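Trainee: Right, I'll just put the structure down here and ask away after.
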Amino acid sequence: MAPPVPPFTLETAIQKVRMAEDGWNSRDPERVSKVYTPDSRWRNRAEFINGRAEIVAFLTRKWAKELDYRLIKEIWAHSDDRIAVRFAYEWHDDSGNWFRSYGNENWEFDAEGLMQRRYACINDLPIKEADRKFHWPLGRRPDDHPGLSDLGL
């Protein structure tokens, strides 16, 4: 269900990061929740989330608030069963105010490749709509779209 599985190589860790990015860009809470263990534990900003039902509820709230959400993730480091990523995503609120949210995540996986721990630190930067850098149609980022390093982020 969640290949690749530990132990990660650089290649499989990069693949896992892109799979996570693609899932989150689907903005489908049920789909996203399936790559986490049933008892997965998160810290997302100052919120503590436990298990798939809470993940679905959290993501449903998130994407109801963060409209036109587009995300790019990039690997930072990895070990046998852990991956560290940095990310940025752009979104706007229901008043049309745009933001770019920057952050770091630390992930830990079980032997089947499901994420059992996710710790995220995120900061929101207000931006002008003209300063947006993520312009692909909603959904998966096209393979030829620049990544974070390419965009100077």
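Chain labels A, B, ... are given in the sequence in which chains occur in the structure tokens; within each chain residues are numbered consecutively from 1, and ligands are likewise numbered from 1 in the order shown.
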Please report, as a tab-separated table, each residue of region 13-103 of chain A lying at most 10 Å from region 123-143 of chain A, together with the nearest pair of atoms and the separation in Å rounded to one decimal; use only C-alpha atoms, and order rows by chain and ascending residue number.

Mentor:
residue	atom	partner	partner_atom	distance
A:Arg18	CA	A:Arg141	CA	9.5
A:Met19	CA	A:Arg140	CA	9.8
A:Glu21	CA	A:Arg140	CA	7.9
A:Asp22	CA	A:Arg140	CA	5.2
A:Gly23	CA	A:Arg140	CA	8.0
A:Trp24	CA	A:Gly139	CA	8.7
A:Asn25	CA	A:Gly139	CA	5.1
A:Ser26	CA	A:Gly139	CA	5.1
A:Arg27	CA	A:Gly139	CA	7.7
A:Arg45	CA	A:Asn123	CA	8.5
A:Asp68	CA	A:Leu138	CA	6.9
A:Tyr69	CA	A:Leu138	CA	7.5
A:Arg70	CA	A:Phe134	CA	6.5
A:Leu71	CA	A:Arg141	CA	7.9
A:Ile72	CA	A:Arg141	CA	7.7
A:Ala88	CA	A:Asn123	CA	9.5
A:Tyr89	CA	A:Phe134	CA	8.0
A:Glu90	CA	A:Phe134	CA	6.9
A:Trp91	CA	A:Arg132	CA	9.2
A:His92	CA	A:Glu129	CA	8.9
A:Gly96	CA	A:Glu129	CA	8.7
A:Asn97	CA	A:Pro126	CA	7.4
A:Trp98	CA	A:Ile127	CA	5.4
A:Phe99	CA	A:Pro126	CA	4.4
A:Arg100	CA	A:Leu125	CA	5.2
A:Ser101	CA	A:Asp124	CA	4.2
A:Tyr102	CA	A:Asn123	CA	5.4
A:Gly103	CA	A:Asn123	CA	6.3

Trainee: Find the residues near region 107-119 of chain A: any atom within 10 Å, counting only C-alpha atoms, skip ones fewer than 2 places away on the same chain, and give them as a ChimeraX atom specification.

Mentor: /A:1-8,16,33-45,48-51,78-85,104-105,121

Trainee: For the residues in that selection, give me C-alpha atoms as a PDB file, in the first residue's frame.

Mentor:
ATOM      1  CA  MET A   1       0.000   0.000   0.000  1.00  0.00           C
ATOM      2  CA  ALA A   2       2.760   2.464   0.862  1.00  0.00           C
ATOM      3  CA  PRO A   3       5.935   1.522  -1.018  1.00  0.00           C
ATOM      4  CA  PRO A   4       8.765   2.287  -0.836  1.00  0.00           C
ATOM      5  CA  VAL A   5       9.468   0.770   2.557  1.00  0.00           C
ATOM      6  CA  PRO A   6      12.376   1.106   4.975  1.00  0.00           C
ATOM      7  CA  PRO A   7      15.290   0.926   4.929  1.00  0.00           C
ATOM      8  CA  PHE A   8      15.339   3.963   2.649  1.00  0.00           C
ATOM      9  CA  LYS A  16       8.510   8.775  -0.778  1.00  0.00           C
ATOM     10  CA  SER A  33      -4.935   9.302   5.724  1.00  0.00           C
ATOM     11  CA  LYS A  34      -4.305   5.852   4.204  1.00  0.00           C
ATOM     12  CA  VAL A  35      -0.511   6.371   4.136  1.00  0.00           C
ATOM     13  CA  TYR A  36      -0.418   6.793   7.929  1.00  0.00           C
ATOM     14  CA  THR A  37      -0.640   3.993  10.484  1.00  0.00           C
ATOM     15  CA  PRO A  38      -4.066   3.676  12.148  1.00  0.00           C
ATOM     16  CA  ASP A  39      -2.492   4.996  15.376  1.00  0.00           C
ATOM     17  CA  SER A  40      -0.241   7.597  13.725  1.00  0.00           C
ATOM     18  CA  ARG A  41       0.746  10.520  15.943  1.00  0.00           C
ATOM     19  CA  TRP A  42       1.289  14.056  14.669  1.00  0.00           C
ATOM     20  CA  ARG A  43       2.290  17.432  15.937  1.00  0.00           C
ATOM     21  CA  ASN A  44       1.220  20.002  13.373  1.00  0.00           C
ATOM     22  CA  ARG A  45       2.069  23.514  14.524  1.00  0.00           C
ATOM     23  CA  PHE A  48      -1.638  17.179  18.408  1.00  0.00           C
ATOM     24  CA  ILE A  49      -3.377  14.617  16.207  1.00  0.00           C
ATOM     25  CA  ASN A  50      -3.773  10.909  16.923  1.00  0.00           C
ATOM     26  CA  GLY A  51      -4.982   8.302  14.445  1.00  0.00           C
ATOM     27  CA  HIS A  78      16.998  10.488   5.608  1.00  0.00           C
ATOM     28  CA  SER A  79      17.971   7.393   7.583  1.00  0.00           C
ATOM     29  CA  ASP A  80      16.740   3.814   7.462  1.00  0.00           C
ATOM     30  CA  ASP A  81      13.197   4.594   8.665  1.00  0.00           C
ATOM     31  CA  ARG A  82      13.095   8.393   8.930  1.00  0.00           C
ATOM     32  CA  ILE A  83      12.883  11.234   6.436  1.00  0.00           C
ATOM     33  CA  ALA A  84      13.215  14.977   7.038  1.00  0.00           C
ATOM     34  CA  VAL A  85      11.678  17.346   4.499  1.00  0.00           C
ATOM     35  CA  ASN A 104       9.922  21.371   8.058  1.00  0.00           C
ATOM     36  CA  GLU A 105       8.646  17.900   8.809  1.00  0.00           C
ATOM     37  CA  CYS A 121       6.766  23.214  12.147  1.00  0.00           C
TER      38      CYS A 121
END

Trainee: Record the distance separating CA of Leu67 (chain A) and CA of Asp93 (chain A), expressed in Å with one decimal.

Mentor: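 We find that CA of Leu67 (chain A) and CA of Asp93 (chain A) lie 6.0 Å from each other.
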
Trainee: What's the separation between CA of Ala64 (chain A) and CA of Asp94 (chain A), in Å to one decimal place?

Mentor: 9.2 Å

Trainee: Point out the residue among A:Leu151, A:Lys65, A:Glu47, A:Arg52 with the least atom-to-atom distance to Ser95 (chain A), counting only C-alpha atoms.

Mentor: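 Looking at the shortest contact to Ser95 (chain A), the residue is A:Lys65.
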
Trainee: What parts of chain A does DSSP call strand (DSSP E)? I'd like the answer as a ChimeraX atom specification.

Mentor: /A:36-44,47-50,67-78,82-92,98-109,115-127

Trainee: Would you mind exporting C-alpha atoms of the selected residues as a PDB file, in the first residue's frame?

Mentor:
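Below is the file part.pdb, written as the result:
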ATOM      1  CA  TYR A  36      -0.418   6.793   7.929  1.00  0.00           C
ATOM      2  CA  THR A  37      -0.640   3.993  10.484  1.00  0.00           C
ATOM      3  CA  PRO A  38      -4.066   3.676  12.148  1.00  0.00           C
ATOM      4  CA  ASP A  39      -2.492   4.996  15.376  1.00  0.00           C
ATOM      5  CA  SER A  40      -0.241   7.597  13.725  1.00  0.00           C
ATOM      6  CA  ARG A  41       0.746  10.520  15.943  1.00  0.00           C
ATOM      7  CA  TRP A  42       1.289  14.056  14.669  1.00  0.00           C
ATOM      8  CA  ARG A  43       2.290  17.432  15.937  1.00  0.00           C
ATOM      9  CA  ASN A  44       1.220  20.002  13.373  1.00  0.00           C
ATOM     10  CA  GLU A  47      -2.032  20.806  17.351  1.00  0.00           C
ATOM     11  CA  PHE A  48      -1.638  17.179  18.408  1.00  0.00           C
ATOM     12  CA  ILE A  49      -3.377  14.617  16.207  1.00  0.00           C
ATOM     13  CA  ASN A  50      -3.773  10.909  16.923  1.00  0.00           C
ATOM     14  CA  LEU A  67      -8.096  27.481  -0.557  1.00  0.00           C
ATOM     15  CA  ASP A  68      -6.342  26.750  -3.878  1.00  0.00           C
ATOM     16  CA  TYR A  69      -3.666  24.877  -1.902  1.00  0.00           C
ATOM     17  CA  ARG A  70      -0.508  23.953  -3.851  1.00  0.00           C
ATOM     18  CA  LEU A  71       2.453  22.276  -2.123  1.00  0.00           C
ATOM     19  CA  ILE A  72       6.077  21.460  -2.929  1.00  0.00           C
ATOM     20  CA  LYS A  73       8.138  19.166  -0.680  1.00  0.00           C
ATOM     21  CA  GLU A  74      11.882  18.551  -0.863  1.00  0.00           C
ATOM     22  CA  ILE A  75      13.999  15.998   0.961  1.00  0.00           C
ATOM     23  CA  TRP A  76      16.398  17.354   3.548  1.00  0.00           C
ATOM     24  CA  ALA A  77      17.834  14.149   5.056  1.00  0.00           C
ATOM     25  CA  HIS A  78      16.998  10.488   5.608  1.00  0.00           C
ATOM     26  CA  ARG A  82      13.095   8.393   8.930  1.00  0.00           C
ATOM     27  CA  ILE A  83      12.883  11.234   6.436  1.00  0.00           C
ATOM     28  CA  ALA A  84      13.215  14.977   7.038  1.00  0.00           C
ATOM     29  CA  VAL A  85      11.678  17.346   4.499  1.00  0.00           C
ATOM     30  CA  ARG A  86      11.265  21.029   3.965  1.00  0.00           C
ATOM     31  CA  PHE A  87       8.248  22.375   2.174  1.00  0.00           C
ATOM     32  CA  ALA A  88       6.350  25.423   1.030  1.00  0.00           C
ATOM     33  CA  TYR A  89       2.750  25.770   0.015  1.00  0.00           C
ATOM     34  CA  GLU A  90       0.641  28.624  -1.295  1.00  0.00           C
ATOM     35  CA  TRP A  91      -2.998  29.225  -0.485  1.00  0.00           C
ATOM     36  CA  HIS A  92      -5.537  31.961   0.090  1.00  0.00           C
ATOM     37  CA  TRP A  98      -2.611  34.929  -0.176  1.00  0.00           C
ATOM     38  CA  PHE A  99       0.019  33.194   1.931  1.00  0.00           C
ATOM     39  CA  ARG A 100       3.112  31.091   1.425  1.00  0.00           C
ATOM     40  CA  SER A 101       3.560  28.689   4.316  1.00  0.00           C
ATOM     41  CA  TYR A 102       7.065  27.368   4.951  1.00  0.00           C
ATOM     42  CA  GLY A 103       7.997  24.464   7.132  1.00  0.00           C
ATOM     43  CA  ASN A 104       9.922  21.371   8.058  1.00  0.00           C
ATOM     44  CA  GLU A 105       8.646  17.900   8.809  1.00  0.00           C
ATOM     45  CA  ASN A 106      10.216  14.890  10.467  1.00  0.00           C
ATOM     46  CA  TRP A 107       8.696  11.537   9.504  1.00  0.00           C
ATOM     47  CA  GLU A 108       9.090   8.051  10.985  1.00  0.00           C
ATOM     48  CA  PHE A 109       7.830   4.939   9.157  1.00  0.00           C
ATOM     49  CA  MET A 115       4.069   6.903   8.481  1.00  0.00           C
ATOM     50  CA  GLN A 116       3.702   6.428  12.217  1.00  0.00           C
ATOM     51  CA  ARG A 117       5.044   9.807  13.389  1.00  0.00           C
ATOM     52  CA  ARG A 118       4.875  13.253  11.770  1.00  0.00           C
ATOM     53  CA  TYR A 119       6.225  16.394  13.424  1.00  0.00           C
ATOM     54  CA  ALA A 120       5.652  19.643  11.492  1.00  0.00           C
ATOM     55  CA  CYS A 121       6.766  23.214  12.147  1.00  0.00           C
ATOM     56  CA  ILE A 122       5.115  25.787   9.875  1.00  0.00           C
ATOM     57  CA  ASN A 123       5.189  29.576   9.450  1.00  0.00           C
ATOM     58  CA  ASP A 124       2.815  31.617   7.278  1.00  0.00           C
ATOM     59  CA  LEU A 125       4.051  34.556   5.216  1.00  0.00           C
ATOM     60  CA  PRO A 126       1.455  36.905   3.712  1.00  0.00           C
ATOM     61  CA  ILE A 127       2.203  37.441   0.007  1.00  0.00           C
TER      62      ILE A 127
END
